[in-house]
Amino acid sequence: MNKQTPTDILSEFSKKKILVIGDIMLDAYIWGNVSRISPEAPVPVVLVNQKEYRLGGAGNVALNIKSLGAAPLLVSMTGDDEEASFLFNLLNEKKIAPEFLLKSSMRKTTTKTRIIANHQQQLIRIDNEDSRPLNEFDQNLLTDKVMEILPLADAVVFSDYDKGVLNQKIIQLVISEARRLHIPTIADPKKDNFFSYQQATLFKPNLKELQEGLQMTFRRPVVMEELNAAANKLFEKMNIDIAFITLSDEGIYVNNRESGKIIPSHKRNIYDVSGAGDTVSAVAALSMACGL
């Protein structure tokens, strides 16, 4: 059997469709310079140079999938507001089909605004969001849309940021149907739904989420025995196939029930790491869709 080259793998990526379900966000950036302190309060005055909008959350996962040559099928719910219009425009600009993105007049679009001074120093982040669970009507709309397009997918990513789009009912419904169709599921959990991803194919918390979910304490640098113990707890409590734990600058821990190992990272100085986990989710989903 011939070993696949990176070119072969990327070629396979282009044939895949990945269903992304979860919390889409608008990431807003305000760039400027600080040269003085306000006379009104002891805070810096930012002279704005530039504003920029980016896809965040499930939108960023979809963008990463698109950038790797595959077709994202993005299902989420926004508010019916100006921020949602920005998101739709960004999706069209990036050639990501917005046709499965639903709007609700009962919600606001999750928006995170970062004010950055002198090109690299983040001064403050302002969150404008509605993290309540979807009402019954909106949840039924979302569920129907997901179940309609699930058979088209080669893998499913849950992009969960605890912003109300995902709950245990829809998570388990999708995982159950995906298993029946032999479609791998990749879960990127947060605290509220941590244990809702029973029988997911790949479960991808970061170390902080794992610590909160399992009520365990981990030393830094990480200790392999502690990670192996955590993975075994996940296998026992959740019946997942693969534990995939991101370790920030220490890399990624992977355990497929047979053995665990750490894949080290290449360390770099980065002032904004937002969205790094979304990139990992996208690559993991495409790899599993290709049977890697």
# chains A, B, ... in the order shown; residues from 1 in each chain; ligands from 1
$ select_by_dssp --residues "range 89-263 of chain A" --states "strand (DSSP E)" --output "ChimeraX atom specification"
/A:101-104,111-117,121-128,155-159,185-188,202-203,242-246,252-255,260-263
$ select_by_dssp --residues "range 15-117 of chain A" --states "helix (DSSP H, G or I)" --output "VMD selection string"
chain A and resid 58 to 67 82 to 93
$ residues_around --residues "Cys290 in chain A" --least-positions-apart "4" --cutoff "9 Å" --atoms "only C-alpha atoms" --output "list in words"
Ile9, Glu12, Phe13, Lys16, Asp154, Ala285 and Leu286 of chain A
$ write_last_selection --atoms "C-alpha atoms" --output "PDB file, in the first residue's frame"
ATOM      1  CA  ILE A   9      -4.214  14.262   1.410  1.00  0.00           C
ATOM      2  CA  GLU A  12      -8.762  14.283  -0.784  1.00  0.00           C
ATOM      3  CA  PHE A  13      -9.796  17.273   1.338  1.00  0.00           C
ATOM      4  CA  LYS A  16     -15.214  16.434   1.311  1.00  0.00           C
ATOM      5  CA  ASP A 154     -18.473  13.356   5.403  1.00  0.00           C
ATOM      6  CA  ALA A 285     -12.639  16.832  10.908  1.00  0.00           C
ATOM      7  CA  LEU A 286     -11.100  16.704   7.448  1.00  0.00           C
TER       8      LEU A 286
END
$ residues_around --residues "Ala229 in chain A" --least-positions-apart "3" --cutoff "12 Å" --atoms "only C-alpha atoms" --output "ChimeraX atom specification"
/A:210,214,216-218,223-226,232-236,243,255,257,259-260
$ write_last_selection --atoms "C-alpha atoms" --output "PDB file, in the first residue's frame"
ATOM      1  CA  LEU A 210     -10.935  19.203  30.727  1.00  0.00           C
ATOM      2  CA  LEU A 214     -13.577  16.223  35.105  1.00  0.00           C
ATOM      3  CA  MET A 216      -9.119  17.259  37.914  1.00  0.00           C
ATOM      4  CA  THR A 217      -5.949  19.273  38.429  1.00  0.00           C
ATOM      5  CA  PHE A 218      -3.100  19.097  35.905  1.00  0.00           C
ATOM      6  CA  VAL A 223       2.470  14.907  32.940  1.00  0.00           C
ATOM      7  CA  MET A 224       1.655  11.958  30.681  1.00  0.00           C
ATOM      8  CA  GLU A 225       0.253   9.835  33.515  1.00  0.00           C
ATOM      9  CA  GLU A 226      -2.269  12.554  34.405  1.00  0.00           C
ATOM     10  CA  ASN A 232      -9.538   6.898  30.613  1.00  0.00           C
ATOM     11  CA  LYS A 233     -12.161   8.871  32.549  1.00  0.00           C
ATOM     12  CA  LEU A 234     -13.498  10.285  29.277  1.00  0.00           C
ATOM     13  CA  PHE A 235     -13.679   6.812  27.741  1.00  0.00           C
ATOM     14  CA  GLU A 236     -15.492   5.488  30.816  1.00  0.00           C
ATOM     15  CA  ALA A 243      -9.544  11.801  23.293  1.00  0.00           C
ATOM     16  CA  ASN A 255      -5.414   8.808  22.829  1.00  0.00           C
ATOM     17  CA  ARG A 257      -8.029   3.890  23.556  1.00  0.00           C
ATOM     18  CA  SER A 259      -2.238   4.380  23.636  1.00  0.00           C
ATOM     19  CA  GLY A 260      -1.711   8.065  24.325  1.00  0.00           C
TER      20      GLY A 260
END
$ atom_distance --atom1 "CA of Met25 in chain A" --atom2 "CA of Asn60 in chain A"
8.4 Å
$ atom_distance --atom1 "CA of Glu209 in chain A" --atom2 "CA of Leu292 in chain A"
25.8 Å
$ residues_around --residues "Ile242 in chain A" --least-positions-apart "3" --cutoff "8 Å" --atoms "only C-alpha atoms" --output "list in words"
Thr201, Leu202, Phe203, Val254, Asn255, Asn256 and Arg257 of chain A
$ atom_distance --atom1 "CA of Ile24 in chain A" --atom2 "CA of Gln198 in chain A"
22.8 Å
$ residues_around --residues "Ala71 in chain A" --least-positions-apart "6" --cutoff "9 Å" --atoms "only C-alpha atoms" --output "number ranges by chain"
A: 13-19, 62, 65, 96-97
$ write_last_selection --atoms "C-alpha atoms" --output "mmCIF file, in the first residue's frame"
data_model
loop_
_atom_site.group_PDB
_atom_site.id
_atom_site.type_symbol
_atom_site.label_atom_id
_atom_site.label_comp_id
_atom_site.auth_asym_id
_atom_site.auth_seq_id
_atom_site.Cartn_x
_atom_site.Cartn_y
_atom_site.Cartn_z
ATOM 1 C CA PHE A 13 -9.796 17.273 1.338
ATOM 2 C CA SER A 14 -11.213 18.993 -1.734
ATOM 3 C CA LYS A 15 -13.751 16.185 -2.183
ATOM 4 C CA LYS A 16 -15.214 16.434 1.311
ATOM 5 C CA LYS A 17 -18.213 18.193 2.834
ATOM 6 C CA ILE A 18 -18.072 19.003 6.542
ATOM 7 C CA LEU A 19 -21.180 19.880 8.535
ATOM 8 C CA ALA A 62 -16.118 26.827 8.409
ATOM 9 C CA ILE A 65 -12.430 24.088 6.267
ATOM 10 C CA ILE A 96 -19.068 30.002 2.139
ATOM 11 C CA ALA A 97 -22.735 29.268 1.462
#
$ residues_around --residues "Pro264 in chain A" --least-positions-apart "4" --cutoff "8 Å" --atoms "only C-alpha atoms" --output "number ranges by chain"
A: 250-252
$ closest_residue --among "A:Ile21, A:Ala284, A:Ala70, A:Val45" --to "Ile175 in chain A" --atoms "only C-alpha atoms"
A:Ile21
$ closest_residue --among "A:Ile245, A:Leu207, A:Met77, A:Ile149" --to "Glu177 in chain A" --atoms "only C-alpha atoms"
A:Ile149
$ closest_atom_pairs --of "range 153-173 of chain A" --to "range 119-140 of chain A" --cutoff "7 Å" --atoms "only C-alpha atoms" --output "tab-separated table"
residue	atom	partner	partner_atom	distance
A:Asp162	CA	A:Ser131	CA	6.7
A:Lys163	CA	A:Ser131	CA	4.0
A:Gly164	CA	A:Pro133	CA	4.1
A:Val165	CA	A:Leu134	CA	6.0
$ closest_residue --among "A:Ser38, A:Ser287, A:Thr279, A:Thr113" --to "Ser159 in chain A" --atoms "only C-alpha atoms"
A:Thr279
$ closest_residue --among "A:Arg107, A:Lys66, A:His182, A:Lys169" --to "Ala155 in chain A" --atoms "only C-alpha atoms"
A:His182
$ decode --residues "range 231-243 of chain A" --atoms "C-alpha atoms" --output "mmCIF file, in the first residue's frame"
data_model
loop_
_atom_site.group_PDB
_atom_site.id
_atom_site.type_symbol
_atom_site.label_atom_id
_atom_site.label_comp_id
_atom_site.auth_asym_id
_atom_site.auth_seq_id
_atom_site.Cartn_x
_atom_site.Cartn_y
_atom_site.Cartn_z
ATOM 1 C CA ALA A 231 -8.481 10.097 28.856
ATOM 2 C CA ASN A 232 -9.538 6.898 30.613
ATOM 3 C CA LYS A 233 -12.161 8.871 32.549
ATOM 4 C CA LEU A 234 -13.498 10.285 29.277
ATOM 5 C CA PHE A 235 -13.679 6.812 27.741
ATOM 6 C CA GLU A 236 -15.492 5.488 30.816
ATOM 7 C CA LYS A 237 -17.947 8.366 31.285
ATOM 8 C CA MET A 238 -18.630 9.278 27.647
ATOM 9 C CA ASN A 239 -17.833 6.243 25.495
ATOM 10 C CA ILE A 240 -15.950 8.355 22.948
ATOM 11 C CA ASP A 241 -13.512 6.847 20.448
ATOM 12 C CA ILE A 242 -10.644 9.360 20.589
ATOM 13 C CA ALA A 243 -9.544 11.801 23.293
#
